[in-house]
$ cat final19.txt   # compact mmCIF, C-alpha atoms
# COMPACT_ATOMS: atom_id res chain seq x y z
CA MET A 1 -59.71 -112.53 180.29
CA PRO A 2 -59.30 -115.55 182.64
CA PRO A 3 -56.12 -117.68 182.36
CA ALA A 4 -56.26 -120.84 180.23
CA ASP A 5 -57.10 -124.01 182.16
CA ASP A 6 -53.91 -125.75 181.03
CA ALA A 7 -51.61 -122.86 181.97
CA LEU A 8 -49.42 -123.68 184.96
CA PRO A 9 -48.81 -121.09 187.67
CA PRO A 10 -45.44 -119.35 187.22
CA LEU A 11 -43.78 -121.23 190.11
CA ARG A 12 -44.74 -124.66 188.74
CA ARG A 13 -43.72 -123.63 185.24
CA ARG A 14 -40.20 -122.89 186.51
CA LEU A 15 -40.03 -125.76 189.00
CA LEU A 16 -40.88 -128.65 186.65
CA PRO A 17 -37.90 -128.25 184.25
CA ASN A 18 -35.55 -127.78 187.21
CA VAL A 19 -36.79 -130.96 188.88
CA VAL A 20 -36.40 -132.90 185.61
CA ILE A 21 -32.85 -131.57 185.16
CA VAL A 22 -31.89 -132.44 188.76
CA VAL A 23 -33.31 -135.97 188.40
CA PHE A 24 -31.38 -136.57 185.15
CA LEU A 25 -28.16 -135.17 186.63
CA GLY A 26 -28.63 -137.37 189.69
CA LEU A 27 -29.06 -140.45 187.50
CA GLN A 28 -25.93 -139.50 185.53
CA VAL A 29 -23.94 -139.09 188.76
CA ALA A 30 -25.20 -142.50 189.98
CA ALA A 31 -24.11 -144.08 186.67
CA GLY A 32 -20.71 -142.36 186.85
CA LEU A 33 -20.12 -143.49 190.41
CA LYS A 34 -21.27 -147.01 189.49
CA VAL A 35 -23.78 -147.08 192.34
CA SER A 36 -25.71 -149.91 190.66
CA CYS A 37 -22.55 -151.74 189.56
CA PRO A 38 -20.13 -152.27 192.48
CA PRO A 39 -16.88 -154.17 191.79
CA LYS A 40 -17.00 -157.96 191.67
CA ALA A 41 -13.89 -158.06 193.82
CA ILE A 42 -16.13 -157.43 196.84
CA PRO A 43 -18.47 -160.47 196.97
CA ALA A 44 -20.63 -158.93 199.71
CA LEU A 45 -21.75 -156.24 197.26
CA GLU A 46 -22.81 -158.73 194.57
CA PRO A 47 -26.55 -158.34 195.37
CA LEU A 48 -26.22 -154.62 194.59
CA ARG A 49 -25.08 -155.32 191.00
CA VAL A 50 -28.36 -154.30 189.43
CA ALA A 51 -27.23 -152.68 186.19
CA CYS A 52 -23.87 -152.07 184.59
CA ALA A 53 -22.99 -150.31 181.36
CA PRO A 54 -24.41 -150.42 178.70
CA GLU A 55 -27.69 -151.35 180.41
CA LEU A 56 -27.75 -147.89 181.98
CA TRP A 57 -28.06 -146.14 178.62
CA PRO A 58 -28.56 -143.21 178.11
CA PHE A 59 -26.77 -142.62 181.41
CA LEU A 60 -23.12 -143.39 180.83
CA GLU A 61 -20.25 -144.01 183.20
CA TYR A 62 -18.07 -141.49 181.44
CA ASN A 63 -14.63 -141.20 182.97
CA MET A 64 -12.88 -138.59 180.86
CA TYR A 65 -9.31 -139.61 181.58
CA ASN A 66 -9.97 -143.25 182.36
CA SER A 67 -8.41 -144.52 179.14
CA ALA A 68 -5.55 -142.02 178.86
CA ARG A 69 -2.19 -143.71 178.53
CA TRP A 70 1.11 -142.17 179.54
CA PRO A 71 4.74 -142.92 178.61
CA GLY A 72 6.09 -145.85 180.59
CA GLU A 73 2.67 -147.41 181.19
CA VAL A 74 1.99 -150.99 180.19
CA HIS A 75 -1.09 -151.55 178.05
CA HIS A 76 -2.85 -154.89 177.41
CA ALA A 77 -4.42 -155.78 174.06
CA TYR A 78 -6.70 -158.80 174.35
CA GLU A 79 -7.55 -161.43 171.75
CA LEU A 80 -10.23 -164.07 172.08
CA VAL A 81 -9.25 -167.29 170.30
CA ALA A 82 -11.61 -170.15 169.48
CA GLU A 83 -9.98 -173.60 169.40
CA HIS A 84 -11.78 -175.98 167.03
CA ALA A 85 -12.00 -179.77 167.25
CA ASP A 86 -9.84 -180.16 164.12
CA GLY A 87 -6.99 -178.19 165.74
CA ARG A 88 -7.67 -174.88 163.98
CA GLU A 89 -7.42 -171.69 165.96
CA GLU A 90 -9.49 -168.64 165.07
CA VAL A 91 -9.12 -165.13 166.46
CA LEU A 92 -12.67 -163.90 167.04
CA SER A 93 -13.63 -160.50 165.67
CA PRO A 94 -16.89 -158.60 166.20
CA ALA A 95 -17.94 -159.43 162.62
CA ARG A 96 -17.25 -163.13 163.15
CA ILE A 97 -19.39 -163.41 166.28
CA GLY A 98 -22.10 -161.12 164.89
CA GLU A 99 -21.82 -158.60 167.72
CA SER A 100 -20.40 -155.11 168.17
CA TYR A 101 -16.86 -154.35 169.29
CA TYR A 102 -18.29 -153.26 172.65
CA ASP A 103 -20.04 -156.61 173.10
CA LEU A 104 -16.89 -158.54 172.24
CA ARG A 105 -14.63 -156.43 174.45
CA GLY A 106 -17.05 -155.35 177.18
CA ARG A 107 -18.96 -158.56 177.62
CA ALA A 108 -17.25 -161.64 176.17
CA ILE A 109 -13.64 -160.76 176.98
CA LYS A 110 -14.43 -159.00 180.26
CA GLY A 111 -16.53 -162.01 181.28
CA LEU A 112 -13.50 -164.28 180.83
CA ILE A 113 -11.28 -161.88 182.76
CA ASP A 114 -13.55 -161.46 185.78
CA GLY A 115 -15.00 -164.99 185.75
CA SER A 116 -18.52 -164.06 184.63
CA LEU A 117 -18.80 -166.91 182.14
CA ARG A 118 -22.56 -166.53 181.69
CA ARG A 119 -21.99 -163.06 180.25
CA THR A 120 -19.41 -164.50 177.84
CA GLU A 121 -21.73 -167.36 176.95
CA ARG A 122 -24.70 -165.06 176.25
CA THR A 123 -22.59 -162.78 174.05
CA LEU A 124 -21.18 -165.69 172.05
CA ALA A 125 -24.40 -167.77 171.99
CA ALA A 126 -25.16 -167.34 168.27
CA PHE A 127 -21.53 -167.97 167.31
CA LEU A 128 -21.25 -171.08 169.49
CA ALA A 129 -24.57 -172.43 168.21
CA ALA A 130 -23.50 -171.91 164.58
CA THR A 131 -20.00 -173.30 165.18
CA PRO A 132 -20.34 -176.57 167.12
CA SER A 133 -16.71 -177.46 166.33
CA VAL A 134 -15.47 -174.97 168.97
CA ARG A 135 -13.98 -176.96 171.83
CA ALA A 136 -12.36 -174.16 173.87
CA LEU A 137 -12.06 -170.40 174.21
CA ARG A 138 -8.70 -168.92 175.04
CA LEU A 139 -8.02 -165.34 176.08
CA GLU A 140 -4.59 -163.99 175.26
CA ALA A 141 -3.06 -160.63 176.07
CA ASP A 142 -0.25 -158.76 174.38
CA ARG A 143 1.58 -156.43 176.74
CA TYR A 144 2.92 -153.18 175.33
CA ARG A 145 4.85 -150.34 176.91
CA ILE A 146 4.21 -146.81 175.70
CA GLU A 147 7.51 -145.06 174.96
CA GLU A 148 8.29 -141.34 175.33
CA ASP A 149 7.90 -140.80 171.57
CA GLY A 150 4.44 -142.43 171.60
CA THR A 151 5.47 -145.71 170.00
CA LEU A 152 4.59 -149.09 171.47
CA THR A 153 7.17 -151.68 172.44
CA GLU A 154 5.83 -155.22 172.64
CA LEU A 155 6.81 -156.83 175.92
CA SER A 156 5.20 -160.26 175.94
CA ARG A 157 2.18 -162.36 175.04
CA ALA A 158 0.46 -164.46 177.68
CA GLU A 159 -2.54 -166.73 177.99
CA ILE A 160 -4.91 -165.17 180.53
CA ALA A 161 -7.68 -167.76 180.60
CA ARG A 162 -8.76 -170.94 178.83
CA HIS A 163 -12.21 -172.51 179.11
CA GLU A 164 -13.59 -175.65 177.54
CA VAL A 165 -16.79 -175.38 175.50
CA VAL A 166 -19.28 -178.27 175.56
CA ASP A 167 -22.61 -178.08 173.69
CA GLY A 168 -22.36 -174.29 173.44
CA ARG A 169 -21.71 -173.88 177.18
CA VAL A 170 -18.52 -172.26 178.48
CA LEU A 171 -17.21 -174.35 181.37
CA PRO A 172 -15.26 -172.95 184.33
$ encode --input "final19.txt" --output "structure tokens"
Amino acid sequence: MPPADDALPPLRRRLLPNVVIVVFLGLQVAAGLKVSCPPKAIPALEPLRVACAPELWPFLEYNMYNSARWPGEVHHAYELVAEHADGREEVLSPARIGESYYDLRGRAIKGLIDGSLRRTERTLAAFLAATPSVRALRLEADRYRIEEDGTLTELSRAEIARHEVVDGRVLP
């Protein structure tokens, strides 16, 4: 009986899954090494910033011990505060801006920290459009030290950045 037309030769049958696995592992390694997302601290590499997390999904930049904290380390907890025209101040939560925690932390707050105001503006666009009374965004950080017993000792609170908001645009 002749082989079926759609049957692959044994070598190809084994090679195809291996090639697919190698390609996916290579893409995961590239995401982990941030090949398409070099640091903004090096302006010459800015043209290479093609895609950063989470745009790389399902390939994640997973650094297993990246967020581990050890006794004696200082940890920063950020809060994004909207200042309204009437003098009110409002701490922005993911529910309030209509975005996920990752979008608030990874895009809006990180954009204020590293100066990428367009990223902050895009993330907060719906909130700023629905809340025209916002006149400024302020980023504050609480500094904590992790003690030997695992408790946190508050060290200080500081204003990291403040940007005026005009017509829904975050100004430098």
$ atom_distance --input "final19.txt" --atom1 "CA of Val74 (chain A)" --atom2 "CA of Gly106 (chain A)"
19.8 Å
$ closest_residue --input "final19.txt" --among "A:Glu121, A:Glu159, A:Asp114, A:Asp103" --to "Arg138 (chain A)" --atoms "all atoms listed in the file"
A:Glu159
$ closest_residue --input "final19.txt" --among "A:Leu33, A:Leu117, A:Val81, A:Ala95" --to "Val170 (chain A)" --atoms "all atoms listed in the file"
A:Leu117
$ residues_around --input "final19.txt" --residues "Ala51 (chain A)" --least-positions-apart "5" --cutoff "10 Å" --atoms "all atoms listed in the file" --output "PyMOL selection string"
chain A and resi 31+34-38+56
$ atom_distance --input "final19.txt" --atom1 "CA of Asp86 (chain A)" --atom2 "CA of Val165 (chain A)"
14.2 Å
$ residues_around --input "final19.txt" --residues "Gly111 (chain A)" --least-positions-apart "6" --cutoff "10 Å" --atoms "only C-alpha atoms" --output "number ranges by chain"
A: 104-105, 117-121, 123
$ residues_around --input "final19.txt" --residues "Glu90 (chain A)" --least-positions-apart "3" --cutoff "9 Å" --atoms "all atoms listed in the file" --output "count of residues only"
5
$ atom_distance --input "final19.txt" --atom1 "CA of Pro132 (chain A)" --atom2 "CA of Ala85 (chain A)"
8.9 Å
$ residues_around --input "final19.txt" --residues "Leu152 (chain A)" --least-positions-apart "3" --cutoff "10 Å" --atoms "only C-alpha atoms" --output "MDAnalysis selection string"
chainID A and resid 71:72 74:75 143:149 155
$ closest_residue --input "final19.txt" --among "A:Arg13, A:Arg157, A:Arg162, A:Arg88" --to "Ser133 (chain A)" --atoms "all atoms listed in the file"
A:Arg88
$ closest_residue --input "final19.txt" --among "A:Ala77, A:Val50, A:Val23, A:Val91" --to "Ser156 (chain A)" --atoms "all atoms listed in the file"
A:Ala77
$ decode --input "final19.txt" --residues "region 118-144 of chain A" --atoms "N, CA and C atoms" --output "PDB file, in the first residue's frame"
ATOM      1  N   ARG A 118       3.843  60.626  26.883  1.00  0.00           N
ATOM      2  CA  ARG A 118       2.825  60.148  25.937  1.00  0.00           C
ATOM      3  C   ARG A 118       2.230  58.829  26.406  1.00  0.00           C
ATOM      4  N   ARG A 119       3.068  57.966  26.977  1.00  0.00           N
ATOM      5  CA  ARG A 119       2.579  56.689  27.495  1.00  0.00           C
ATOM      6  C   ARG A 119       1.610  56.947  28.657  1.00  0.00           C
ATOM      7  N   THR A 120       1.961  57.874  29.528  1.00  0.00           N
ATOM      8  CA  THR A 120       1.087  58.232  30.646  1.00  0.00           C
ATOM      9  C   THR A 120      -0.219  58.809  30.116  1.00  0.00           C
ATOM     10  N   GLU A 121      -0.108  59.689  29.151  1.00  0.00           N
ATOM     11  CA  GLU A 121      -1.280  60.347  28.571  1.00  0.00           C
ATOM     12  C   GLU A 121      -2.225  59.343  27.900  1.00  0.00           C
ATOM     13  N   ARG A 122      -1.663  58.402  27.148  1.00  0.00           N
ATOM     14  CA  ARG A 122      -2.504  57.388  26.488  1.00  0.00           C
ATOM     15  C   ARG A 122      -3.222  56.518  27.515  1.00  0.00           C
ATOM     16  N   THR A 123      -2.522  56.145  28.582  1.00  0.00           N
ATOM     17  CA  THR A 123      -3.119  55.285  29.604  1.00  0.00           C
ATOM     18  C   THR A 123      -4.236  56.011  30.348  1.00  0.00           C
ATOM     19  N   LEU A 124      -4.070  57.291  30.577  1.00  0.00           N
ATOM     20  CA  LEU A 124      -5.050  58.063  31.341  1.00  0.00           C
ATOM     21  C   LEU A 124      -6.028  58.831  30.455  1.00  0.00           C
ATOM     22  N   ALA A 125      -6.025  58.580  29.148  1.00  0.00           N
ATOM     23  CA  ALA A 125      -6.828  59.374  28.209  1.00  0.00           C
ATOM     24  C   ALA A 125      -8.306  59.396  28.569  1.00  0.00           C
ATOM     25  N   ALA A 126      -8.900  58.249  28.827  1.00  0.00           N
ATOM     26  CA  ALA A 126     -10.335  58.195  29.144  1.00  0.00           C
ATOM     27  C   ALA A 126     -10.622  58.927  30.452  1.00  0.00           C
ATOM     28  N   PHE A 127      -9.766  58.729  31.442  1.00  0.00           N
ATOM     29  CA  PHE A 127      -9.950  59.409  32.732  1.00  0.00           C
ATOM     30  C   PHE A 127      -9.843  60.922  32.567  1.00  0.00           C
ATOM     31  N   LEU A 128      -8.807  61.382  31.851  1.00  0.00           N
ATOM     32  CA  LEU A 128      -8.624  62.826  31.674  1.00  0.00           C
ATOM     33  C   LEU A 128      -9.749  63.440  30.847  1.00  0.00           C
ATOM     34  N   ALA A 129     -10.257  62.703  29.865  1.00  0.00           N
ATOM     35  CA  ALA A 129     -11.368  63.212  29.058  1.00  0.00           C
ATOM     36  C   ALA A 129     -12.648  63.312  29.892  1.00  0.00           C
ATOM     37  N   ALA A 130     -12.861  62.354  30.778  1.00  0.00           N
ATOM     38  CA  ALA A 130     -14.074  62.344  31.610  1.00  0.00           C
ATOM     39  C   ALA A 130     -13.950  63.256  32.827  1.00  0.00           C
ATOM     40  N   THR A 131     -12.743  63.699  33.129  1.00  0.00           N
ATOM     41  CA  THR A 131     -12.515  64.526  34.322  1.00  0.00           C
ATOM     42  C   THR A 131     -11.746  65.779  33.913  1.00  0.00           C
ATOM     43  N   PRO A 132     -12.414  66.734  33.261  1.00  0.00           N
ATOM     44  CA  PRO A 132     -11.689  67.925  32.790  1.00  0.00           C
ATOM     45  C   PRO A 132     -11.206  68.833  33.914  1.00  0.00           C
ATOM     46  N   SER A 133     -11.637  68.580  35.159  1.00  0.00           N
ATOM     47  CA  SER A 133     -11.200  69.424  36.268  1.00  0.00           C
ATOM     48  C   SER A 133      -9.777  69.113  36.724  1.00  0.00           C
ATOM     49  N   VAL A 134      -9.157  68.047  36.194  1.00  0.00           N
ATOM     50  CA  VAL A 134      -7.787  67.709  36.588  1.00  0.00           C
ATOM     51  C   VAL A 134      -6.834  68.749  36.006  1.00  0.00           C
ATOM     52  N   ARG A 135      -6.059  69.358  36.884  1.00  0.00           N
ATOM     53  CA  ARG A 135      -5.128  70.408  36.470  1.00  0.00           C
ATOM     54  C   ARG A 135      -3.675  69.953  36.538  1.00  0.00           C
ATOM     55  N   ALA A 136      -3.402  68.873  37.313  1.00  0.00           N
ATOM     56  CA  ALA A 136      -2.023  68.389  37.423  1.00  0.00           C
ATOM     57  C   ALA A 136      -2.033  66.941  37.883  1.00  0.00           C
ATOM     58  N   LEU A 137      -0.960  66.243  37.537  1.00  0.00           N
ATOM     59  CA  LEU A 137      -0.724  64.887  38.028  1.00  0.00           C
ATOM     60  C   LEU A 137       0.565  64.930  38.842  1.00  0.00           C
ATOM     61  N   ARG A 138       0.500  64.322  40.004  1.00  0.00           N
ATOM     62  CA  ARG A 138       1.663  64.308  40.886  1.00  0.00           C
ATOM     63  C   ARG A 138       1.990  62.863  41.233  1.00  0.00           C
ATOM     64  N   LEU A 139       3.245  62.507  41.146  1.00  0.00           N
ATOM     65  CA  LEU A 139       3.694  61.169  41.508  1.00  0.00           C
ATOM     66  C   LEU A 139       4.441  61.260  42.828  1.00  0.00           C
ATOM     67  N   GLU A 140       3.968  60.488  43.795  1.00  0.00           N
ATOM     68  CA  GLU A 140       4.598  60.466  45.106  1.00  0.00           C
ATOM     69  C   GLU A 140       5.101  59.064  45.397  1.00  0.00           C
ATOM     70  N   ALA A 141       6.141  58.984  46.211  1.00  0.00           N
ATOM     71  CA  ALA A 141       6.709  57.680  46.567  1.00  0.00           C
ATOM     72  C   ALA A 141       6.897  57.611  48.071  1.00  0.00           C
ATOM     73  N   ASP A 142       6.423  56.521  48.650  1.00  0.00           N
ATOM     74  CA  ASP A 142       6.715  56.202  50.044  1.00  0.00           C
ATOM     75  C   ASP A 142       7.918  55.284  50.033  1.00  0.00           C
ATOM     76  N   ARG A 143       8.895  55.582  50.871  1.00  0.00           N
ATOM     77  CA  ARG A 143      10.080  54.728  50.982  1.00  0.00           C
ATOM     78  C   ARG A 143       9.959  53.896  52.248  1.00  0.00           C
ATOM     79  N   TYR A 144      10.158  52.594  52.078  1.00  0.00           N
ATOM     80  CA  TYR A 144      10.099  51.658  53.195  1.00  0.00           C
ATOM     81  C   TYR A 144      11.395  50.860  53.245  1.00  0.00           C
TER      82      TYR A 144
END
